[in-house]
$ cat target_22.cif   # mmCIF, C-alpha atoms
data_target
#
loop_
_atom_site.label_atom_id
_atom_site.label_comp_id
_atom_site.auth_asym_id
_atom_site.auth_seq_id
_atom_site.Cartn_x
_atom_site.Cartn_y
_atom_site.Cartn_z
CA MET Z 1 13.41 9.43 -16.87
CA ALA Z 2 9.79 8.72 -16.10
CA ASN Z 3 8.70 5.31 -14.83
CA PRO Z 4 6.78 2.96 -17.16
CA MET Z 5 3.00 2.96 -17.47
CA ARG Z 6 0.92 -0.12 -16.91
CA ILE Z 7 -1.37 -0.70 -19.90
CA ARG Z 8 -4.02 -3.34 -20.29
CA ALA Z 9 -6.27 -3.78 -23.31
CA ALA Z 10 -8.96 -6.36 -23.93
CA VAL Z 11 -11.46 -6.78 -26.76
CA LYS Z 12 -15.07 -7.78 -26.13
CA ASP Z 13 -18.16 -7.63 -28.39
CA GLY Z 14 -16.38 -5.52 -30.98
CA PHE Z 15 -15.04 -2.93 -28.51
CA THR Z 16 -11.58 -2.69 -27.02
CA GLU Z 17 -11.29 -1.44 -23.47
CA VAL Z 18 -7.95 0.15 -22.62
CA ARG Z 19 -6.85 0.81 -19.04
CA VAL Z 20 -3.76 2.87 -18.31
CA LEU Z 21 -1.98 3.66 -15.05
CA MET Z 22 0.61 6.41 -15.33
CA SER Z 23 3.42 7.14 -12.91
CA HIS Z 24 3.59 10.93 -12.55
CA VAL Z 25 3.78 13.46 -9.69
CA MET Z 26 1.16 15.75 -11.31
CA GLU Z 27 2.24 18.78 -9.27
CA THR Z 28 -0.25 21.63 -9.60
CA GLY Z 29 2.19 24.45 -8.95
CA GLN Z 30 -0.05 25.65 -6.10
CA ARG Z 31 1.41 23.54 -3.33
CA LYS Z 32 4.06 24.61 -0.84
CA ASP Z 33 6.69 22.32 0.64
CA SER Z 34 7.52 22.08 4.36
CA SER Z 35 9.80 25.14 4.16
CA GLY Z 36 7.05 27.23 2.56
CA ALA Z 37 8.55 27.31 -0.94
CA LEU Z 38 6.23 26.81 -3.89
CA VAL Z 39 6.57 23.37 -5.51
CA PRO Z 40 6.95 24.03 -9.24
CA ALA Z 41 4.18 22.84 -11.54
CA HIS Z 42 4.91 19.50 -13.17
CA PHE Z 43 2.07 17.72 -14.91
CA ILE Z 44 1.16 15.81 -18.06
CA THR Z 45 -0.22 18.11 -20.73
CA GLU Z 46 -0.98 15.78 -23.62
CA LEU Z 47 -1.77 12.13 -24.03
CA THR Z 48 -2.22 10.09 -27.18
CA ALA Z 49 -3.34 6.50 -27.61
CA LYS Z 50 -2.86 4.59 -30.84
CA HIS Z 51 -4.32 1.33 -32.09
CA ASN Z 52 -1.69 -0.04 -34.45
CA ASP Z 53 -0.82 3.28 -36.13
CA LYS Z 54 -4.18 5.00 -35.86
CA VAL Z 55 -4.86 7.56 -33.14
CA VAL Z 56 -7.92 6.46 -31.14
CA LEU Z 57 -7.67 8.96 -28.29
CA SER Z 58 -6.04 12.31 -27.94
CA ALA Z 59 -6.43 14.15 -24.65
CA GLN Z 60 -5.30 17.32 -22.92
CA PHE Z 61 -4.37 16.91 -19.28
CA GLY Z 62 -3.95 19.60 -16.66
CA PRO Z 63 -3.02 20.20 -13.03
CA SER Z 64 -6.44 19.06 -11.75
CA VAL Z 65 -5.66 15.43 -12.59
CA SER Z 66 -4.45 13.36 -9.62
CA THR Z 67 -0.96 12.00 -8.94
CA ASN Z 68 -0.38 8.65 -10.70
CA PRO Z 69 -3.39 9.08 -13.02
CA TYR Z 70 -5.64 6.22 -14.07
CA LEU Z 71 -7.38 6.39 -17.44
CA SER Z 72 -9.80 3.97 -19.00
CA PHE Z 73 -11.54 4.26 -22.38
CA LYS Z 74 -13.14 2.16 -25.12
CA PHE Z 75 -12.92 2.29 -28.88
CA GLU Z 76 -14.71 0.37 -31.58
CA GLY Z 77 -12.72 -2.40 -33.22
CA GLY Z 78 -9.42 -3.97 -32.33
CA ALA Z 79 -8.40 -7.64 -32.42
CA LYS Z 80 -6.40 -9.90 -30.14
CA GLY Z 81 -2.68 -9.29 -30.57
CA ASP Z 82 -3.06 -5.76 -32.02
CA LYS Z 83 -0.70 -3.14 -30.68
CA ILE Z 84 -1.79 -0.31 -28.36
CA VAL Z 85 0.68 2.53 -27.82
CA VAL Z 86 0.09 5.21 -25.19
CA SER Z 87 2.30 8.30 -25.02
CA TRP Z 88 2.33 11.42 -22.88
CA VAL Z 89 4.23 14.68 -22.74
CA ASP Z 90 4.47 16.92 -19.68
CA ASN Z 91 5.00 20.66 -19.15
CA LYS Z 92 8.73 20.13 -18.62
CA GLY Z 93 9.07 18.39 -21.96
CA ASP Z 94 9.54 15.00 -20.37
CA SER Z 95 7.76 12.18 -22.16
CA ARG Z 96 7.01 8.51 -22.00
CA SER Z 97 5.67 5.96 -24.44
CA ASP Z 98 4.67 2.37 -23.63
CA GLU Z 99 2.86 -0.36 -25.48
CA ALA Z 100 0.74 -3.42 -24.89
CA GLN Z 101 -1.04 -6.05 -26.93
CA ILE Z 102 -4.79 -6.47 -26.97
CA ALA Z 103 -5.80 -9.60 -25.03
CA MET E 1 -35.23 22.96 28.67
CA ARG E 2 -33.19 19.95 29.67
CA LYS E 3 -35.33 17.81 27.45
CA THR E 4 -34.85 20.09 24.43
CA LEU E 5 -31.11 20.02 24.92
CA GLY E 6 -31.21 16.25 25.11
CA MET E 7 -33.21 16.11 21.92
CA ALA E 8 -30.84 18.48 20.16
CA ALA E 9 -27.85 16.42 21.23
CA LEU E 10 -29.57 13.24 20.07
CA ALA E 11 -30.42 14.82 16.72
CA ALA E 12 -26.83 15.96 16.30
CA MET E 13 -25.59 12.47 17.11
CA LEU E 14 -27.94 10.90 14.59
CA ALA E 15 -26.92 13.37 11.92
CA GLY E 16 -23.26 12.68 12.69
CA GLY E 17 -23.91 8.96 12.38
CA ALA E 18 -25.67 9.35 9.04
CA GLN E 19 -22.85 11.49 7.72
CA ALA E 20 -20.22 8.95 8.80
CA GLN E 21 -22.22 6.18 7.17
CA SER E 22 -22.49 8.01 3.87
CA THR E 23 -18.77 8.88 3.94
CA ALA E 24 -17.88 5.22 4.45
CA ASP E 25 -20.23 4.34 1.58
CA GLU E 26 -18.72 6.99 -0.65
CA ILE E 27 -15.20 5.74 0.09
CA ALA E 28 -16.33 2.18 -0.66
CA LYS E 29 -17.86 3.35 -3.95
CA TYR E 30 -14.69 5.21 -4.87
CA ARG E 31 -12.57 2.18 -4.03
CA GLU E 32 -14.77 0.05 -6.30
CA MET E 33 -14.45 2.58 -9.13
CA ILE E 34 -10.69 2.56 -9.13
CA ALA E 35 -10.21 -1.02 -7.94
CA ASP E 36 -8.73 -2.15 -11.22
CA GLY E 37 -6.56 0.93 -11.36
CA ASN E 38 -4.91 0.78 -7.96
CA PRO E 39 -1.72 2.83 -8.35
CA ALA E 40 -0.09 0.27 -6.01
CA GLU E 41 0.51 -1.60 -9.27
CA LEU E 42 3.06 1.03 -10.26
CA PHE E 43 5.01 0.26 -7.08
CA GLU E 44 4.64 -3.46 -7.72
CA MET E 45 6.16 -3.06 -11.21
CA GLU E 46 9.01 -1.04 -9.78
CA GLY E 47 9.49 -3.64 -7.02
CA GLU E 48 9.64 -6.48 -9.51
CA SER E 49 12.37 -4.76 -11.48
CA LEU E 50 14.27 -3.87 -8.28
CA TRP E 51 14.04 -7.52 -7.19
CA LYS E 52 15.80 -8.55 -10.39
CA THR E 53 18.35 -5.72 -10.51
CA PRO E 54 21.89 -6.31 -9.16
CA ARG E 55 22.40 -3.75 -6.39
CA GLY E 56 24.56 -2.97 -3.37
CA PRO E 57 28.28 -3.57 -2.75
CA LYS E 58 27.84 -7.22 -3.76
CA LYS E 59 26.05 -6.28 -7.00
CA ALA E 60 23.53 -9.06 -6.47
CA THR E 61 19.80 -9.37 -7.14
CA LEU E 62 17.24 -10.56 -4.58
CA GLU E 63 16.26 -13.54 -6.69
CA GLN E 64 17.79 -15.92 -4.12
CA CYS E 65 16.01 -14.26 -1.20
CA ASP E 66 14.33 -16.83 1.05
CA LEU E 67 11.02 -15.49 2.29
CA GLY E 68 10.25 -18.78 4.01
CA GLN E 69 9.09 -20.85 1.06
CA GLY E 70 12.62 -21.50 -0.21
CA PRO E 71 15.16 -19.28 -2.03
CA GLY E 72 13.50 -17.19 -4.72
CA VAL E 73 9.92 -18.29 -3.97
CA VAL E 74 7.69 -15.22 -3.81
CA ASP E 75 4.33 -16.84 -4.46
CA GLY E 76 2.35 -17.29 -1.25
CA ALA E 77 5.25 -16.15 0.95
CA PHE E 78 3.51 -13.12 2.45
CA ALA E 79 0.40 -15.15 3.39
CA ARG E 80 2.60 -17.06 5.87
CA MET E 81 4.34 -14.04 7.41
CA PRO E 82 5.38 -13.08 10.01
CA ARG E 83 7.11 -16.43 10.60
CA TYR E 84 10.08 -17.92 12.38
CA PHE E 85 13.34 -18.10 10.40
CA ALA E 86 15.93 -20.58 11.65
CA ASP E 87 18.84 -18.79 9.92
CA THR E 88 18.32 -15.56 11.88
CA GLY E 89 16.73 -17.22 14.91
CA ARG E 90 13.97 -14.60 14.85
CA VAL E 91 10.33 -14.21 13.97
CA GLN E 92 10.33 -11.76 11.06
CA ASP E 93 7.70 -9.76 9.23
CA LEU E 94 8.06 -9.06 5.52
CA GLU E 95 10.04 -5.84 5.97
CA SER E 96 12.53 -7.26 8.49
CA ARG E 97 13.03 -10.31 6.29
CA LEU E 98 13.69 -8.11 3.26
CA LEU E 99 16.28 -6.30 5.39
CA THR E 100 17.99 -9.65 6.00
CA CYS E 101 18.05 -10.44 2.27
CA MET E 102 19.32 -6.98 1.32
CA GLU E 103 22.08 -7.27 3.90
CA THR E 104 23.20 -10.86 3.25
CA LEU E 105 22.74 -11.02 -0.52
CA GLN E 106 23.45 -7.44 -1.59
CA GLY E 107 25.57 -6.14 1.25
CA ILE E 108 23.22 -3.20 1.86
CA PRO E 109 23.34 -2.51 5.62
CA ALA E 110 20.01 -2.68 7.48
CA SER E 111 20.80 0.75 8.90
CA ALA E 112 20.22 2.23 5.41
CA VAL E 113 16.53 1.49 5.98
CA VAL E 114 16.27 1.50 9.77
CA ASP E 115 17.85 4.95 10.13
CA GLY E 116 16.35 6.31 6.90
CA ASP E 117 13.37 8.57 6.19
CA TRP E 118 9.97 7.51 4.89
CA ASN E 119 9.50 7.66 1.11
CA LYS E 120 13.22 8.20 0.56
CA GLY E 121 16.28 6.13 -0.39
CA GLU E 122 16.32 2.50 0.71
CA ARG E 123 13.03 2.88 2.62
CA LYS E 124 11.41 3.76 -0.67
CA THR E 125 13.06 0.72 -2.24
CA MET E 126 11.56 -1.33 0.58
CA ASP E 127 8.06 0.02 -0.25
CA ALA E 128 8.35 -1.14 -3.86
CA LEU E 129 9.81 -4.55 -2.90
CA ALA E 130 6.97 -5.08 -0.40
CA ALA E 131 4.39 -4.15 -3.07
CA TYR E 132 5.89 -6.76 -5.38
CA VAL E 133 5.97 -9.56 -2.79
CA VAL E 134 2.46 -9.04 -1.35
CA THR E 135 0.86 -8.96 -4.80
CA HIS E 136 1.92 -12.59 -5.11
CA SER E 137 -0.18 -13.53 -2.08
CA ARG E 138 -3.29 -11.65 -3.14
CA GLY E 139 -6.34 -13.91 -2.93
CA GLN E 140 -4.53 -16.38 -0.67
CA LYS E 141 -5.49 -17.25 2.88
CA ILE E 142 -3.61 -15.86 5.87
CA GLN E 143 -1.94 -18.92 7.36
CA LEU E 144 0.44 -18.26 10.23
CA ASP E 145 2.28 -21.16 11.80
CA LEU E 146 0.81 -20.73 15.26
CA ALA E 147 2.15 -24.10 16.37
CA ASN E 148 5.65 -22.63 16.34
CA PRO E 149 6.63 -21.72 19.92
CA GLN E 150 8.57 -18.60 18.81
CA THR E 151 5.58 -17.34 16.87
CA ARG E 152 3.34 -18.08 19.90
CA ARG E 153 5.70 -16.08 22.09
CA MET E 154 5.53 -13.12 19.69
CA TYR E 155 1.74 -13.42 19.60
CA GLU E 156 1.58 -13.11 23.39
CA LEU E 157 3.98 -10.15 23.31
CA GLY E 158 1.98 -8.49 20.55
CA LYS E 159 -1.28 -8.96 22.39
CA ARG E 160 0.23 -7.36 25.45
CA ALA E 161 1.72 -4.49 23.44
CA PHE E 162 -1.68 -3.93 21.80
CA HIS E 163 -3.31 -3.42 25.19
CA TYR E 164 -0.40 -1.58 26.83
CA ARG E 165 -1.35 1.99 27.69
CA SER E 166 1.31 4.67 27.42
CA GLY E 167 1.98 8.27 26.47
CA PRO E 168 0.43 11.53 27.71
CA MET E 169 -3.10 10.43 26.73
CA ASP E 170 -2.75 6.99 28.33
CA PHE E 171 -3.89 5.37 25.05
CA SER E 172 -3.27 1.83 23.92
CA CYS E 173 -3.94 0.47 20.43
CA ALA E 174 -7.09 -1.02 21.96
CA THR E 175 -8.36 2.45 22.94
CA CYS E 176 -8.90 3.18 19.26
CA HIS E 177 -9.09 -0.33 17.79
CA GLY E 178 -10.72 -2.44 20.50
CA GLU E 179 -14.44 -1.81 19.91
CA ASP E 180 -16.82 -2.10 16.99
CA GLY E 181 -18.24 0.94 15.23
CA LYS E 182 -15.75 3.54 16.41
CA ARG E 183 -14.44 6.36 14.31
CA ILE E 184 -12.07 9.32 14.48
CA ARG E 185 -13.16 12.30 12.44
CA LEU E 186 -14.69 10.46 9.49
CA GLN E 187 -12.33 7.47 9.56
CA ASP E 188 -13.86 4.17 10.56
CA LEU E 189 -11.63 2.38 13.05
CA PRO E 190 -11.47 -1.38 12.58
CA ASN E 191 -11.81 -3.51 15.71
CA LEU E 192 -8.49 -5.35 15.51
CA THR E 193 -9.25 -7.63 18.44
CA HIS E 194 -11.83 -9.53 16.37
CA LYS E 195 -11.39 -11.66 13.32
CA GLU E 196 -13.51 -9.56 10.96
CA GLY E 197 -11.75 -6.28 11.71
CA ALA E 198 -8.32 -7.91 11.72
CA ILE E 199 -8.96 -9.44 8.29
CA ALA E 200 -10.12 -6.10 6.90
CA ALA E 201 -7.00 -4.38 8.25
CA TRP E 202 -4.15 -6.90 8.12
CA GLY E 203 -5.51 -8.28 4.85
CA SER E 204 -5.32 -4.93 3.07
CA TRP E 205 -1.85 -3.68 4.07
CA PRO E 206 0.60 -2.62 2.65
CA ALA E 207 -1.51 -0.14 0.73
CA TYR E 208 -1.57 2.83 -1.61
CA ARG E 209 -2.94 5.93 0.12
CA VAL E 210 -4.95 8.12 -2.19
CA SER E 211 -4.84 11.08 0.22
CA ASN E 212 -1.08 11.49 -0.15
CA SER E 213 -0.28 9.34 -3.22
CA GLN E 214 2.14 7.25 -1.16
CA PHE E 215 2.61 3.54 -0.79
CA TRP E 216 2.82 2.50 2.86
CA THR E 217 4.12 -0.73 4.34
CA MET E 218 2.70 -2.07 7.62
CA GLN E 219 5.86 -0.72 9.31
CA HIS E 220 4.85 2.75 8.13
CA ARG E 221 1.21 2.24 9.17
CA LEU E 222 2.28 1.14 12.67
CA ASN E 223 4.72 4.00 13.03
CA ASP E 224 1.91 6.45 12.26
CA CYS E 225 -0.39 4.77 14.79
CA PHE E 226 2.28 5.09 17.50
CA ARG E 227 2.23 8.78 16.59
CA GLN E 228 -1.57 8.85 16.88
CA GLN E 229 -1.14 7.22 20.26
CA ARG E 230 1.19 10.16 21.11
CA THR E 231 3.89 7.74 22.17
CA ALA E 232 7.53 7.16 21.20
CA GLU E 233 8.25 6.29 17.58
CA PRO E 234 9.15 2.59 17.25
CA VAL E 235 12.42 1.57 15.58
CA PHE E 236 11.84 0.24 12.04
CA ALA E 237 11.37 -3.56 12.11
CA SER E 238 11.91 -3.68 15.91
CA GLU E 239 10.57 -6.56 17.98
CA VAL E 240 7.46 -4.69 19.16
CA THR E 241 6.38 -3.88 15.57
CA VAL E 242 6.82 -7.52 14.53
CA ALA E 243 4.97 -8.71 17.65
CA LEU E 244 2.02 -6.39 16.89
CA SER E 245 1.95 -7.73 13.34
CA VAL E 246 1.94 -11.34 14.60
CA TYR E 247 -0.99 -10.46 16.89
CA MET E 248 -2.96 -8.84 14.06
CA ALA E 249 -2.16 -11.53 11.47
CA ALA E 250 -2.98 -14.34 13.92
CA THR E 251 -6.33 -12.68 14.73
CA ALA E 252 -6.97 -12.53 10.98
CA GLN E 253 -5.95 -16.20 10.48
CA GLY E 254 -7.88 -17.83 7.63
CA GLY E 255 -8.98 -14.54 6.06
CA VAL E 256 -8.23 -13.77 2.42
CA LEU E 257 -5.52 -11.23 1.55
CA GLN E 258 -6.51 -8.26 -0.65
CA THR E 259 -2.95 -6.99 -0.86
CA PRO E 260 -1.85 -4.44 -1.86
CA GLY E 261 -4.76 -2.39 -0.54
CA LEU E 262 -6.19 0.97 -1.48
CA LYS E 263 -6.80 3.47 1.33
CA ARG E 264 -8.18 6.97 1.60
#
$ encode --input "target_22.cif" --output "structure tokens"
Amino acid sequence: MANPMRIRAAVKDGFTEVRVLMSHVMETGQRKDSSGALVPAHFITELTAKHNDKVVLSAQFGPSVSTNPYLSFKFEGGAKGDKIVVSWVDNKGDSRSDEAQIA
Amino acid sequence: MRKTLGMAALAAMLAGGAQAQSTADEIAKYREMIADGNPAELFEMEGESLWKTPRGPKKATLEQCDLGQGPGVVDGAFARMPRYFADTGRVQDLESRLLTCMETLQGIPASAVVDGDWNKGERKTMDALAAYVVTHSRGQKIQLDLANPQTRRMYELGKRAFHYRSGPMDFSCATCHGEDGKRIRLQDLPNLTHKEGAIAAWGSWPAYRVSNSQFWTMQHRLNDCFRQQRTAEPVFASEVTVALSVYMAATAQGGVLQTPGLKR
């Protein structure tokens, strides 16, 4: 199972800034290991962020994104204590969902 | 003709200098951009949960581990390491002390780490544990107990080891880290014999390395520098590695820790 994400969210002047660190190998499928064998592709393909139950960000990821990706974005609205849920799915069907409260 | 050559060489040198400068600036800019997203935090989270998870033959957690500030006290512990521990009768750095705790509390033999491979098994566990502990000294001042005679002895040993030339290239640590403004390829080399360079280096390790997405402890950093020196690989947590750490930390005394760091 995938390791947890670290999510931080804070509201300021009517905007909520969300910062997410994901734990993922993000293998491109182009790399070879020390014995010359191709390392199979393994990367996040889709990411969704919700504020309470409303989707505020939906993104497609690909092999060009780095290992252990960092994502930061802002949306209008949000109040202290509201729930932020971030979920991703990868090309192997593995997934992860974590939540945080807006500070 | 001679003059033209000289001029060309000078121009090349200047261009090289400018390029190095801009690379350092670009790395600094990049570091700033992702400063609040240092993936080291992922290792820290993992380390915190490992700290509290019963493991090993004794099925115990590390919550009673004494890092020098009393059993279970993590806050500020790394800022005072390496230090002398009366129970083992040795000066220990963070990694060797964690080995002691894993062995005595959990029954995990030190050999599981010492004879292991980087980024695998118990060495990987060690990386995460170190990330957790050093985060709780971030922003604190490096304060070694240099009045302790055992620590003094290790400082003298470390200083000697730092300047000891060996290997086919006859390099010492000081060959690469004993002068200001040196670089290898495009990597700036900190002068570890002076306070400023020592603070920049000691104060930012262990660190997450962006170039290979790995978290490295100081033990790993030192091992790789022995390799760069083209000399024999040191044993994990051996006396010479701890002595070198005492020398670097003592030179950085009073500086503020930025741990865990973020490196290229």
$ closest_atom_pairs --input "target_22.cif" --of "chain Z" --to "chain E" --cutoff "9 Å" --atoms "all atoms listed in the file" --output "tab-separated table"
residue	atom	partner	partner_atom	distance
Z:Asn3	CA	E:Glu46	CA	8.1
Z:Pro4	CA	E:Leu42	CA	8.1
Z:Met5	CA	E:Leu42	CA	7.5
Z:Arg6	CA	E:Leu42	CA	7.1
Z:Arg19	CA	E:Gly37	CA	7.7
Z:Val20	CA	E:Gly37	CA	7.7
Z:Leu21	CA	E:Gly37	CA	6.5
Z:Met22	CA	E:Leu42	CA	7.8
Z:Ser23	CA	E:Leu42	CA	6.7
Z:Val25	CA	E:Ser213	CA	8.7
Z:Ser66	CA	E:Ser213	CA	8.6
Z:Thr67	CA	E:Ser213	CA	6.3
Z:Asn68	CA	E:Pro39	CA	6.4
Z:Pro69	CA	E:Pro39	CA	8.0
Z:Tyr70	CA	E:Gly37	CA	6.0
Z:Leu71	CA	E:Gly37	CA	8.2
Z:Ser72	CA	E:Gly37	CA	8.8
$ residues_around --input "target_22.cif" --residues "range 221-235 of chain E" --least-positions-apart "4" --cutoff "9 Å" --atoms "only C-alpha atoms" --output "list of chain:residue names"
E:Val114, E:Asp115, E:Ser166, E:Gly167, E:Pro168, E:Met169, E:Asp170, E:Phe171, E:Ser172, E:Cys173, E:Cys176, E:Trp205, E:Pro206, E:Trp216, E:Thr217, E:Glu239, E:Val240, E:Thr241, E:Leu244, E:Ser245
$ residues_around --input "target_22.cif" --residues "Glu196 in chain E" --least-positions-apart "3" --cutoff "12 Å" --atoms "all atoms listed in the file" --output "PDB file with C-alpha atoms, in the frame of the given file"
ATOM      1  CA  GLU E 179     -14.440  -1.810  19.910  1.00  0.00           C
ATOM      2  CA  ASP E 180     -16.820  -2.100  16.990  1.00  0.00           C
ATOM      3  CA  PRO E 190     -11.470  -1.380  12.580  1.00  0.00           C
ATOM      4  CA  ASN E 191     -11.810  -3.510  15.710  1.00  0.00           C
ATOM      5  CA  LEU E 192      -8.490  -5.350  15.510  1.00  0.00           C
ATOM      6  CA  THR E 193      -9.250  -7.630  18.440  1.00  0.00           C
ATOM      7  CA  ILE E 199      -8.960  -9.440   8.290  1.00  0.00           C
ATOM      8  CA  ALA E 200     -10.120  -6.100   6.900  1.00  0.00           C
ATOM      9  CA  ALA E 201      -7.000  -4.380   8.250  1.00  0.00           C
ATOM     10  CA  TRP E 202      -4.150  -6.900   8.120  1.00  0.00           C
ATOM     11  CA  GLY E 203      -5.510  -8.280   4.850  1.00  0.00           C
ATOM     12  CA  MET E 248      -2.960  -8.840  14.060  1.00  0.00           C
ATOM     13  CA  ALA E 249      -2.160 -11.530  11.470  1.00  0.00           C
ATOM     14  CA  ALA E 250      -2.980 -14.340  13.920  1.00  0.00           C
ATOM     15  CA  THR E 251      -6.330 -12.680  14.730  1.00  0.00           C
ATOM     16  CA  ALA E 252      -6.970 -12.530  10.980  1.00  0.00           C
ATOM     17  CA  GLN E 253      -5.950 -16.200  10.480  1.00  0.00           C
ATOM     18  CA  GLY E 254      -7.880 -17.830   7.630  1.00  0.00           C
ATOM     19  CA  GLY E 255      -8.980 -14.540   6.060  1.00  0.00           C
ATOM     20  CA  VAL E 256      -8.230 -13.770   2.420  1.00  0.00           C
TER      21      VAL E 256
END
$ atom_distance --input "target_22.cif" --atom1 "CA of Arg96 in chain Z" --atom2 "CA of Ile84 in chain Z"
14.0 Å
$ residues_near_point --input "target_22.cif" --point "(-7.7, -4.3, -32.1)" --cutoff "12 Å" --atoms "only C-alpha atoms" --output "MDAnalysis selection string"
chainID Z and resid 9:18 50:54 56 74:85 100:103
$ resolve_selection --input "target_22.cif" --expression "the PyMOL selection byres ((chain E and resi 77) around 12)" --output "MDAnalysis selection string"
chainID E and resid 65:76 78:83 93:94 97:98 130 132:138 140:144 257
$ residues_around --input "target_22.cif" --residues "range 86-90 of chain Z" --least-positions-apart "2" --cutoff "6 Å" --atoms "only C-alpha atoms" --output "PyMOL selection string"
chain Z and resi 43-49+92-98
$ decode --input "target_22.cif" --residues "range 22-38 of chain Z" --atoms "N, CA and C atoms" --output "mmCIF file, in the first residue's frame"
data_model
loop_
_atom_site.group_PDB
_atom_site.id
_atom_site.type_symbol
_atom_site.label_atom_id
_atom_site.label_comp_id
_atom_site.auth_asym_id
_atom_site.auth_seq_id
_atom_site.Cartn_x
_atom_site.Cartn_y
_atom_site.Cartn_z
ATOM 1 N N MET Z 22 3.348 14.095 -2.079
ATOM 2 C CA MET Z 22 2.939 12.706 -2.303
ATOM 3 C C MET Z 22 4.146 11.782 -2.276
ATOM 4 N N SER Z 23 3.953 10.592 -1.735
ATOM 5 C CA SER Z 23 5.027 9.618 -1.727
ATOM 6 C C SER Z 23 4.782 8.647 -2.885
ATOM 7 N N HIS Z 24 5.574 8.783 -3.952
ATOM 8 C CA HIS Z 24 5.377 7.898 -5.112
ATOM 9 C C HIS Z 24 6.656 7.790 -5.933
ATOM 10 N N VAL Z 25 6.971 6.607 -6.435
ATOM 11 C CA VAL Z 25 8.207 6.418 -7.217
ATOM 12 C C VAL Z 25 8.199 7.160 -8.552
ATOM 13 N N MET Z 26 7.019 7.341 -9.157
ATOM 14 C CA MET Z 26 6.890 8.036 -10.441
ATOM 15 C C MET Z 26 7.913 7.527 -11.467
ATOM 16 N N GLU Z 27 7.900 6.223 -11.686
ATOM 17 C CA GLU Z 27 8.807 5.625 -12.685
ATOM 18 C C GLU Z 27 8.285 5.919 -14.094
ATOM 19 N N THR Z 28 9.177 6.372 -14.952
ATOM 20 C CA THR Z 28 8.765 6.774 -16.300
ATOM 21 C C THR Z 28 8.537 5.591 -17.236
ATOM 22 N N GLY Z 29 9.203 4.464 -16.950
ATOM 23 C CA GLY Z 29 9.142 3.345 -17.871
ATOM 24 C C GLY Z 29 10.268 3.410 -18.904
ATOM 25 N N GLN Z 30 11.116 4.436 -18.793
ATOM 26 C CA GLN Z 30 12.224 4.619 -19.742
ATOM 27 C C GLN Z 30 13.561 4.245 -19.113
ATOM 28 N N ARG Z 31 13.563 4.070 -17.797
ATOM 29 C CA ARG Z 31 14.815 3.861 -17.095
ATOM 30 C C ARG Z 31 15.212 2.393 -17.051
ATOM 31 N N LYS Z 32 16.528 2.150 -17.026
ATOM 32 C CA LYS Z 32 17.001 0.775 -16.894
ATOM 33 C C LYS Z 32 17.647 0.595 -15.524
ATOM 34 N N ASP Z 33 17.524 -0.597 -14.961
ATOM 35 C CA ASP Z 33 18.174 -0.846 -13.673
ATOM 36 C C ASP Z 33 19.620 -1.266 -13.906
ATOM 37 N N SER Z 34 20.342 -1.615 -12.826
ATOM 38 C CA SER Z 34 21.776 -1.878 -12.947
ATOM 39 C C SER Z 34 22.077 -3.098 -13.830
ATOM 40 N N SER Z 35 21.091 -3.995 -13.981
ATOM 41 C CA SER Z 35 21.340 -5.161 -14.842
ATOM 42 C C SER Z 35 20.872 -4.913 -16.278
ATOM 43 N N GLY Z 36 20.439 -3.699 -16.569
ATOM 44 C CA GLY Z 36 20.056 -3.344 -17.933
ATOM 45 C C GLY Z 36 18.600 -3.605 -18.275
ATOM 46 N N ALA Z 37 17.836 -4.113 -17.313
ATOM 47 C CA ALA Z 37 16.415 -4.388 -17.566
ATOM 48 C C ALA Z 37 15.589 -3.108 -17.385
ATOM 49 N N LEU Z 38 14.589 -2.965 -18.228
ATOM 50 C CA LEU Z 38 13.733 -1.784 -18.175
ATOM 51 C C LEU Z 38 12.916 -1.782 -16.875
#
